[in-house]
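work_19.csv (CSV, C-alpha atoms) appears below.
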chain,number,residue,atom,x,y,z
A,21,MET,CA,-5.7,38.8,12.8
A,22,PHE,CA,-3.0,39.3,15.5
A,23,THR,CA,-1.8,35.8,15.0
A,24,ARG,CA,-1.8,36.3,11.3
A,25,TRP,CA,0.8,39.0,11.6
A,26,ILE,CA,3.1,36.5,13.4
A,27,TYR,CA,2.8,34.1,10.5
A,28,ILE,CA,3.5,36.9,8.1
A,29,ALA,CA,6.6,37.8,9.9
A,30,LEU,CA,7.9,34.2,9.8
A,31,VAL,CA,7.1,34.0,6.1
A,32,ILE,CA,9.0,37.2,5.4
A,33,ALA,CA,12.1,35.9,7.2
A,34,VAL,CA,12.2,32.9,5.0
A,35,ILE,CA,10.7,34.0,1.7
A,36,VAL,CA,12.4,37.3,1.2
A,37,PRO,CA,16.0,35.8,1.0
A,38,LEU,CA,14.7,33.0,-1.2
A,39,ALA,CA,12.8,35.4,-3.4
A,40,THR,CA,16.1,37.3,-4.2
A,41,VAL,CA,17.6,34.0,-5.4
A,42,VAL,CA,14.7,33.1,-7.6
A,43,ALA,CA,14.2,36.7,-8.9
A,44,ASN,CA,17.8,37.1,-9.8
A,45,ALA,CA,17.9,33.7,-11.6
A,46,ASP,CA,15.9,35.0,-14.5
A,47,ASN,CA,16.7,36.1,-18.0
A,48,GLU,CA,18.6,39.2,-19.0
A,49,GLY,CA,15.4,40.8,-20.4
A,50,ASP,CA,14.2,41.5,-16.8
A,51,VAL,CA,17.0,44.0,-16.2
A,52,ILE,CA,15.7,47.6,-16.0
A,53,CYS,CA,18.4,50.1,-16.9
A,54,GLY,CA,16.4,53.2,-17.7
A,55,ASP,CA,18.8,56.0,-18.7
A,56,LEU,CA,21.9,54.3,-17.3
A,57,ALA,CA,25.2,54.4,-19.2
A,58,GLU,CA,25.8,51.2,-21.1
A,59,SER,CA,28.7,50.3,-18.7
A,60,ASP,CA,26.4,50.7,-15.7
A,61,CYS,CA,23.7,48.7,-17.3
A,62,GLN,CA,26.2,45.9,-18.0
A,63,ILE,CA,26.9,45.7,-14.2
A,64,LEU,CA,23.2,44.9,-13.7
A,65,LYS,CA,23.3,42.3,-16.4
A,66,ASP,CA,26.4,40.7,-14.9
A,67,ASN,CA,24.7,40.7,-11.5
A,68,LEU,CA,21.8,38.8,-13.0
A,69,THR,CA,24.2,36.2,-14.5
A,70,ALA,CA,26.2,35.8,-11.3
A,71,MET,CA,23.1,35.3,-9.1
A,72,GLU,CA,21.8,32.6,-11.5
A,73,SER,CA,24.5,30.4,-10.0
A,74,VAL,CA,23.5,31.1,-6.4
A,75,GLY,CA,21.8,28.1,-4.7
A,76,ALA,CA,23.0,28.8,-1.1
A,77,MET,CA,23.8,31.8,1.0
A,78,SER,CA,23.8,33.3,4.5
A,79,PHE,CA,21.6,36.3,5.2
A,80,SER,CA,20.4,38.8,7.7
A,81,VAL,CA,17.2,40.8,7.2
A,82,SER,CA,15.9,43.8,9.2
A,83,MET,CA,12.4,45.2,8.6
A,84,SER,CA,10.1,47.6,10.3
A,85,MET,CA,6.5,48.4,9.3
A,86,GLU,CA,4.0,50.8,10.9
A,87,VAL,CA,0.4,51.7,10.4
A,88,PRO,CA,0.0,54.6,12.8
A,89,GLU,CA,-3.3,55.6,14.4
A,90,GLY,CA,-5.0,58.5,12.8
A,91,ASP,CA,-8.2,59.6,11.0
A,92,GLY,CA,-10.0,56.4,10.1
A,93,VAL,CA,-7.3,54.2,11.8
A,94,ASP,CA,-8.1,52.9,15.3
A,95,TYR,CA,-6.1,50.7,17.6
A,96,ARG,CA,-7.5,47.6,15.9
A,97,THR,CA,-6.1,48.5,12.6
A,98,ALA,CA,-2.9,50.4,13.7
A,99,MET,CA,0.2,48.2,13.8
A,100,ASN,CA,3.9,48.4,14.6
A,101,MET,CA,6.2,45.6,13.8
A,102,SER,CA,10.0,45.2,13.8
A,103,LEU,CA,11.7,42.0,12.5
A,104,ASP,CA,15.3,40.9,12.7
A,105,ALA,CA,16.2,37.6,11.2
A,106,GLN,CA,19.4,35.8,10.2
A,107,GLY,CA,20.5,32.4,9.0
A,108,SER,CA,21.5,30.3,6.0
A,109,LEU,CA,19.4,28.8,3.2
A,110,SER,CA,20.1,26.6,0.3
A,111,VAL,CA,18.0,25.3,-2.6
A,112,ASP,CA,19.0,22.4,-4.9
A,113,PRO,CA,20.4,24.2,-8.1
A,114,ALA,CA,18.6,21.8,-10.4
A,115,ILE,CA,15.2,22.5,-8.7
A,116,LEU,CA,15.9,26.2,-8.8
A,117,ALA,CA,16.5,26.0,-12.6
A,118,GLU,CA,13.2,24.2,-12.9
A,119,ILE,CA,11.4,26.9,-10.9
A,120,VAL,CA,12.9,29.7,-13.2
A,121,ASP,CA,12.0,27.7,-16.3
A,122,LEU,CA,8.5,27.2,-14.9
A,123,GLU,CA,8.1,30.9,-14.2
A,124,ASP,CA,8.9,31.7,-17.8
A,125,GLN,CA,6.4,29.1,-19.1
A,126,ILE,CA,3.6,30.5,-16.8
A,127,GLU,CA,4.3,34.0,-18.1
A,128,GLU,CA,3.6,32.7,-21.6
A,129,SER,CA,0.7,30.4,-20.6
A,130,PRO,CA,-1.0,31.1,-17.2
A,131,SER,CA,-3.1,27.9,-17.5
A,132,LEU,CA,0.1,26.1,-16.3
A,133,LEU,CA,-0.6,27.4,-12.8
A,134,LEU,CA,-2.9,24.4,-12.4
A,135,SER,CA,-0.9,21.8,-14.2
A,136,GLN,CA,0.4,18.7,-12.6
A,137,ASP,CA,4.0,19.6,-13.7
A,138,THR,CA,3.7,23.0,-11.9
A,139,ILE,CA,2.5,21.3,-8.7
A,140,THR,CA,5.3,18.6,-8.9
A,141,VAL,CA,8.0,21.3,-9.3
A,142,LEU,CA,6.7,23.3,-6.4
A,143,ASP,CA,6.6,20.2,-4.2
A,144,SER,CA,10.1,19.4,-5.2
A,145,PHE,CA,11.2,23.0,-4.4
A,146,ILE,CA,9.8,22.7,-0.9
A,147,ALA,CA,11.3,19.3,-0.3
A,148,GLY,CA,14.7,20.6,-1.5
A,149,LEU,CA,14.9,23.5,0.9
A,150,THR,CA,17.6,23.4,3.6
A,151,GLY,CA,17.7,26.2,6.2
A,152,ASP,CA,18.5,27.4,9.7
A,153,VAL,CA,16.7,30.7,10.5
A,154,THR,CA,16.5,32.6,13.8
A,155,LEU,CA,14.1,35.5,14.2
A,156,ASP,CA,13.4,38.3,16.7
A,157,LEU,CA,9.9,39.7,16.4
A,158,TYR,CA,8.4,42.7,18.2
A,159,LEU,CA,4.8,43.4,17.3
A,160,VAL,CA,2.1,45.7,18.6
A,161,ALA,CA,-1.3,45.1,17.0
A,162,GLU,CA,-5.0,45.0,18.0
A,163,GLY,CA,-4.0,46.4,21.4
A,164,GLU,CA,-1.7,43.5,22.1
A,165,THR,CA,2.1,43.3,22.3
A,166,ILE,CA,4.4,40.4,21.6
A,167,ASP,CA,8.2,40.2,21.8
A,168,VAL,CA,9.4,36.7,20.9
A,169,GLU,CA,12.4,34.9,19.5
A,170,MET,CA,11.9,32.0,17.1
A,171,HIS,CA,14.2,29.3,15.6
A,172,LEU,CA,13.2,27.5,12.4
A,173,LEU,CA,14.9,24.5,10.8
A,174,MET,CA,14.0,23.0,7.5
A,175,ARG,CA,15.3,20.0,5.6
A,176,ASP,CA,13.9,17.4,3.2
A,177,GLY,CA,10.4,18.9,3.4
A,178,ILE,CA,10.4,18.9,7.3
A,179,PHE,CA,9.9,22.3,9.0
A,180,VAL,CA,10.3,22.6,12.8
A,181,LEU,CA,10.0,25.5,15.2
A,182,ASP,CA,11.4,25.6,18.7
A,183,ALA,CA,8.7,24.9,21.3
A,184,GLY,CA,9.8,27.9,23.4
A,185,ALA,CA,8.6,30.3,20.8
A,186,LEU,CA,5.3,28.4,20.5
A,187,GLU,CA,4.9,28.7,24.3
A,188,ASP,CA,5.3,32.4,24.1
A,189,LEU,CA,2.8,32.7,21.2
A,190,MET,CA,0.2,30.4,22.6
A,191,GLY,CA,0.5,31.3,26.2
A,192,GLN,CA,0.6,27.6,27.3
A,193,PRO,CA,3.4,25.1,28.0
A,194,MET,CA,4.5,22.7,25.3
A,195,GLN,CA,5.1,19.9,27.7
A,196,GLY,CA,7.6,17.2,26.7
A,197,MET,CA,8.5,18.9,23.4
A,198,ASP,CA,11.5,21.0,22.4
A,199,TRP,CA,10.6,21.1,18.7
A,200,LEU,CA,7.3,21.0,16.9
A,201,GLY,CA,6.9,21.0,13.1
A,202,LEU,CA,5.3,19.8,10.0
A,203,ASP,CA,6.1,17.3,7.2
A,204,ALA,CA,5.4,19.5,4.3
A,205,ASN,CA,6.2,17.0,1.6
A,206,GLY,CA,3.4,17.0,-1.0
A,207,ILE,CA,1.8,20.2,0.5
A,208,MET,CA,1.2,21.8,-2.9
A,209,THR,CA,-0.5,18.7,-4.2
A,210,LEU,CA,-2.8,19.0,-1.1
A,211,VAL,CA,-3.4,22.7,-1.7
A,212,ALA,CA,-4.2,22.1,-5.3
A,213,SER,CA,-6.9,19.6,-4.3
A,214,ASP,CA,-8.7,22.4,-2.4
A,215,PRO,CA,-11.6,23.7,-4.6
A,216,SER,CA,-11.3,27.2,-3.2
A,217,MET,CA,-7.6,27.3,-4.1
A,218,VAL,CA,-8.3,26.0,-7.6
A,219,GLU,CA,-10.9,28.7,-8.0
A,220,ALA,CA,-8.4,31.4,-6.9
A,221,LEU,CA,-5.7,30.1,-9.2
A,222,GLY,CA,-8.3,30.1,-12.0
A,223,LEU,CA,-8.8,33.8,-11.4
A,224,MET,CA,-5.1,34.3,-11.7
A,225,GLU,CA,-5.1,32.5,-15.1
A,226,ASP,CA,-7.6,35.1,-16.3
A,227,MET,CA,-5.2,37.9,-15.4
A,228,GLY,CA,-2.5,36.5,-17.6
A,229,THR,CA,-0.8,38.9,-20.1
A,230,ASP,CA,2.2,39.0,-22.3
A,231,ALA,CA,5.5,39.1,-20.4
A,232,SER,CA,7.0,41.7,-22.7
A,233,ASP,CA,4.0,44.0,-22.1
A,234,MET,CA,4.5,43.8,-18.3
A,235,GLN,CA,8.2,44.4,-18.8
A,236,ALA,CA,7.4,47.6,-20.7
A,237,VAL,CA,5.1,48.7,-17.9
A,238,GLU,CA,7.8,48.2,-15.3
A,239,GLU,CA,10.4,50.1,-17.3
A,240,ALA,CA,8.1,53.0,-17.9
A,241,ALA,CA,7.3,53.4,-14.2
A,242,THR,CA,10.9,52.9,-12.9
A,243,SER,CA,13.9,55.2,-12.9
A,244,VAL,CA,17.4,53.9,-12.1
A,245,THR,CA,20.4,55.9,-11.0
A,246,ARG,CA,23.9,54.7,-10.2
A,247,LEU,CA,25.1,56.3,-6.9
A,248,ALA,CA,28.7,56.6,-5.5
A,249,ASP,CA,30.4,53.3,-4.9
A,250,SER,CA,30.4,51.9,-1.4
A,251,GLU,CA,31.6,49.0,0.7
A,252,ILE,CA,29.8,46.1,2.4
A,253,ASN,CA,31.8,44.1,4.9
A,254,GLY,CA,35.0,44.9,3.1
A,255,VAL,CA,33.6,44.2,-0.4
A,256,ALA,CA,33.6,47.1,-2.9
A,257,VAL,CA,30.1,47.5,-4.3
A,258,ALA,CA,28.4,49.5,-7.0
A,259,VAL,CA,25.2,51.1,-5.7
A,260,PHE,CA,22.0,51.5,-7.8
A,261,GLU,CA,18.9,53.3,-6.7
A,262,SER,CA,15.5,52.5,-8.3
A,263,SER,CA,12.5,54.7,-7.8
A,264,VAL,CA,9.0,53.5,-8.8
A,265,ASP,CA,6.2,55.9,-9.7
A,266,MET,CA,3.4,53.9,-8.1
A,267,GLY,CA,0.7,56.1,-9.5
A,268,LEU,CA,1.9,55.7,-13.1
A,269,LEU,CA,2.5,51.9,-12.5
A,270,THR,CA,-1.1,51.6,-11.3
A,271,ASP,CA,-2.5,53.4,-14.4
A,272,LEU,CA,-0.4,51.3,-16.7
A,273,VAL,CA,-1.2,48.0,-15.1
A,274,VAL,CA,-4.9,48.7,-15.0
A,275,GLY,CA,-4.7,49.6,-18.7
A,276,LEU,CA,-2.8,46.4,-19.4
A,277,TYR,CA,-5.1,44.0,-17.6
A,278,ASP,CA,-8.4,45.8,-18.1
A,279,PRO,CA,-8.4,47.5,-21.5
A,280,GLN,CA,-12.2,47.4,-21.7
A,281,GLY,CA,-12.7,49.0,-18.3
A,282,LEU,CA,-14.6,46.1,-16.8
A,283,MET,CA,-13.0,46.4,-13.3
A,284,ASN,CA,-15.0,48.1,-10.5
A,285,PRO,CA,-14.4,51.8,-11.1
A,286,THR,CA,-14.7,52.7,-7.4
A,287,GLU,CA,-12.1,50.1,-6.4
A,288,VAL,CA,-9.8,51.3,-9.2
A,289,ALA,CA,-10.2,54.9,-8.1
A,290,MET,CA,-9.4,54.1,-4.5
A,291,THR,CA,-6.3,52.1,-5.5
A,292,ARG,CA,-5.1,54.9,-7.7
A,293,GLU,CA,-5.6,57.5,-4.9
A,294,ALA,CA,-3.8,55.4,-2.4
A,295,LEU,CA,-0.8,54.7,-4.6
A,296,ALA,CA,-0.6,58.2,-6.0
A,297,GLU,CA,0.7,59.2,-2.6
A,298,THR,CA,3.1,56.2,-2.3
A,299,GLU,CA,6.9,56.4,-2.6
A,300,LEU,CA,8.9,53.2,-3.3
A,301,ILE,CA,12.7,53.3,-3.5
A,302,MET,CA,15.1,50.4,-3.7
A,303,TRP,CA,18.8,50.2,-3.5
A,304,GLN,CA,21.0,47.4,-4.8
A,305,TYR,CA,24.6,46.9,-3.7
A,306,ILE,CA,26.5,44.8,-6.2
A,307,GLY,CA,30.0,43.5,-5.9
A,308,ILE,CA,32.3,45.2,-8.4
A,309,ASP,CA,34.5,42.2,-8.8
A,310,ASP,CA,32.1,39.2,-8.5
A,311,HIS,CA,28.8,40.9,-9.2
A,312,TYR,CA,26.9,39.2,-6.4
A,313,THR,CA,24.1,41.1,-4.6
A,314,TYR,CA,25.5,41.9,-1.1
A,315,ARG,CA,22.7,44.1,0.0
A,316,THR,CA,19.2,45.0,-1.0
A,317,ALA,CA,17.3,47.8,0.8
A,318,LEU,CA,14.0,49.5,0.2
A,319,THR,CA,11.6,52.0,1.8
A,320,MET,CA,8.0,52.6,1.1
A,321,GLU,CA,5.8,55.5,2.4
A,322,MET,CA,2.1,55.4,1.7
A,323,GLY,CA,0.1,58.5,2.4
A,324,SER,CA,-3.6,59.5,2.2
A,325,SER,CA,-4.9,62.5,0.4
A,326,ASP,CA,-8.1,62.1,2.4
A,327,ALA,CA,-6.2,63.2,5.5
A,328,GLU,CA,-6.6,66.8,6.7
A,329,ASP,CA,-4.0,69.1,5.2
A,330,ASP,CA,-1.5,70.5,7.8
A,331,GLY,CA,-1.4,73.8,6.0
A,332,GLN,CA,1.8,73.0,4.1
A,333,GLY,CA,0.4,70.5,1.6
A,334,ALA,CA,1.6,67.4,3.6
A,335,VAL,CA,-0.4,64.2,3.9
A,336,ASP,CA,-0.7,61.7,6.8
A,337,ARG,CA,1.2,58.5,6.5
A,338,VAL,CA,-1.0,55.4,6.5
A,339,LEU,CA,1.8,52.9,6.0
A,340,SER,CA,5.6,53.1,6.4
A,341,LEU,CA,7.9,50.2,5.5
A,342,SER,CA,11.7,49.8,5.4
A,343,MET,CA,13.8,46.7,4.9
A,344,THR,CA,17.4,45.8,4.5
A,345,LEU,CA,18.6,42.4,3.4
A,346,ASP,CA,22.3,41.5,3.5
A,347,GLN,CA,23.6,38.3,1.8
A,348,SER,CA,27.0,36.6,2.0
A,349,ASN,CA,28.7,33.2,1.9
A,350,PHE,CA,27.4,32.5,-1.6
A,351,ASN,CA,27.2,28.8,-2.5
A,352,GLU,CA,28.8,27.6,0.7
A,353,PRO,CA,27.2,24.4,2.0
A,354,VAL,CA,24.3,24.7,4.5
A,355,VAL,CA,24.2,21.8,6.9
A,356,VAL,CA,21.0,21.3,9.0
A,357,GLU,CA,20.0,18.4,11.2
A,358,ILE,CA,16.3,18.0,12.3
A,359,PRO,CA,16.4,17.1,16.1
A,360,GLU,CA,15.5,13.4,16.6
A,361,ASP,CA,13.1,14.2,19.3
A,362,ALA,CA,11.1,16.8,17.3
A,363,PHE,CA,7.4,16.2,17.1
A,364,VAL,CA,6.6,16.4,13.4
A,365,MET,CA,3.0,16.3,12.3
A,366,PRO,CA,2.1,14.7,9.0
A,367,LEU,CA,-0.1,16.6,6.5
A,368,ALA,CA,-3.0,14.3,7.2
A,369,MET,CA,-3.0,15.3,10.9
A,370,LEU,CA,-2.9,18.9,10.1
A,371,MET,CA,-5.9,18.6,7.8
A,372,GLN,CA,-7.8,16.8,10.5
A,373,MET,CA,-7.0,19.6,13.0
A,374,GLY,CA,-8.2,22.1,10.4
A,375,ASN,CA,-11.5,20.3,10.1
Take the structure in the file and write it out as structure tokens.
Amino acid sequence: MFTRWIYIALVIAVIVPLATVVANADNEGDVICGDLAESDCQILKDNLTAMESVGAMSFSVSMSMEVPEGDGVDYRTAMNMSLDAQGSLSVDPAILAEIVDLEDQIEESPSLLLSQDTITVLDSFIAGLTGDVTLDLYLVAEGETIDVEMHLLMRDGIFVLDAGALEDLMGQPMQGMDWLGLDANGIMTLVASDPSMVEALGLMEDMGTDASDMQAVEEAATSVTRLADSEINGVAVAVFESSVDMGLLTDLVVGLYDPQGLMNPTEVAMTREALAETELIMWQYIGIDDHYTYRTALTMEMGSSDAEDDGQGAVDRVLSLSMTLDQSNFNEPVVVEIPEDAFVMPLAMLMQMGN
């Protein structure tokens, strides 16, 4: 599990910036304005349009996450992680457009999750990524501590990690190698051939629902406020704060996906209880002139009503998360070269190691 946290941190450093590009490159119907004035809502719509054209950017992300020790939480479950990452990423605009189109199609027909077209588009997306990411990770979990720096390069479906980071993680020398990586071309095709993955995707198909219904749920549980304008690296930005009522969101989602009440009632009750004490707030910083997203920040505090009351009605935190993502250099070229001496494993070799 300790090693799993390391992989999670690496995925966060790469996926979070990419996710903002894909999420923003969607249709206007996904904008949640709540009770905003029409002029403020238009800024959010213009932001969505502007980000549709973004296929490359520089970024920096800072994140901290803590699961403190407490009642029912011992050192094996407690965790403290801080992550700082920065770099540049680009995605082929044509492939990005296919991803967005595919997302819309899957919302209408979840069975497309398993289609050959979906697998082909996802493989093309991975092959079309170009990136240079550095990461500083501090992690305390399961009684162990790690403090490591990583450097990840990606191009044409090849992902390589500097061997120095691997030495720190594995505690053994990577003799004769400076870079170790994977040729990920065709990886989604390989994943789709795994029966267990096919079964999992099949379950996701069964959870499909109308996209407009889900949009209505999100709108009902989210309140949006425009705050005072600010400035990010010399750029004037409009600031929007979104607050999500997680308890209400849970009730609405359960009602949407399980109208007959077939889900395990104990699990549903536990989820409702945990999220009823959860606070999730997000801030967007949008350029007033160009409508790009220059910063996204969020905080989440999850409490437990099972914890002993401190006499003032407070509850113990069971998870605390904060993250800030800055973006810049929109659509500027990202040039990455994979070192010629990098040891790159083909997928077939990785599968043999797994077996």
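Residues of protein, DNA or RNA having at least one counted atom within 9 Å of (31.7, 40.1, -7.7), given only C-alpha atoms, are Asp66, Asn67, Ala70, Val255, Ala256, Val257, Ile306, Gly307, Ile308, Asp309, Asp310, His311, Tyr312 and Thr313 of chain A.
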By how many Å are CA of Ala317 (chain A) and CA of Ala185 (chain A) apart?
28.0 Å
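The nearest approach to Ala241 (chain A) among the residues A:Ser73, A:Ser102, A:Thr165, A:Ser262, with all atoms listed in the file taken into account, belongs to A:Ser262.
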Do you know which residues lie at most 8 Å from (1.8, 51.2, 16.0), with coordinates as in the file and all atoms listed in the file counted, and could you write them as a list in words?
Glu86, Val87, Pro88, Glu89, Ala98, Met99, Asn100, Met101, Val160 and Ala161 of chain A
Only C-alpha atoms, please: the residues just picked out, written as a JSON list (two decimals), in the frame of the given file.
[["chain", "number", "residue", "atom", "x", "y", "z"],
["A", 86, "GLU", "CA", 4.00, 50.80, 10.90],
["A", 87, "VAL", "CA", 0.40, 51.70, 10.40],
["A", 88, "PRO", "CA", 0.00, 54.60, 12.80],
["A", 89, "GLU", "CA", -3.30, 55.60, 14.40],
["A", 98, "ALA", "CA", -2.90, 50.40, 13.70],
["A", 99, "MET", "CA", 0.20, 48.20, 13.80],
["A", 100, "ASN", "CA", 3.90, 48.40, 14.60],
["A", 101, "MET", "CA", 6.20, 45.60, 13.80],
["A", 160, "VAL", "CA", 2.10, 45.70, 18.60],
["A", 161, "ALA", "CA", -1.30, 45.10, 17.00]]
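CA of Gln347 (chain A) is found 5.0 Å from CA of Tyr314 (chain A).
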What's around region 108-118 of chain A at 6 Å? Count only C-alpha atoms, leave out sequence neighbours fewer than 6 positions away in its own chain, and write the answer as a ChimeraX atom specification.
/A:75-78,145,148-152
What does the distance from CA of Val211 (chain A) to CA of Ser144 (chain A) come to in Å, to one decimal?
14.3 Å
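Minimum distance to Cys53 (chain A) across A:Leu341, A:Ala368, A:Leu155, A:Lys65 (counting all atoms listed in the file) occurs at A:Lys65.
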May I ask which of the residues A:Tyr305, A:Tyr158, A:Phe79, A:Phe179 is the closest one to Glu251 (chain A), counting all atoms listed in the file?
A:Tyr305
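With only C-alpha atoms as the atoms that count, the residue of A:Gly323, A:Glu261, A:Leu142, A:Ser82 with the shortest distance to Met302 (chain A) is A:Glu261.
The smallest atom-to-atom distance between Met322 (chain A) and any of A:Glu72, A:Met85, A:Gly107, A:Glu239, using only C-alpha atoms, is found for A:Met85.
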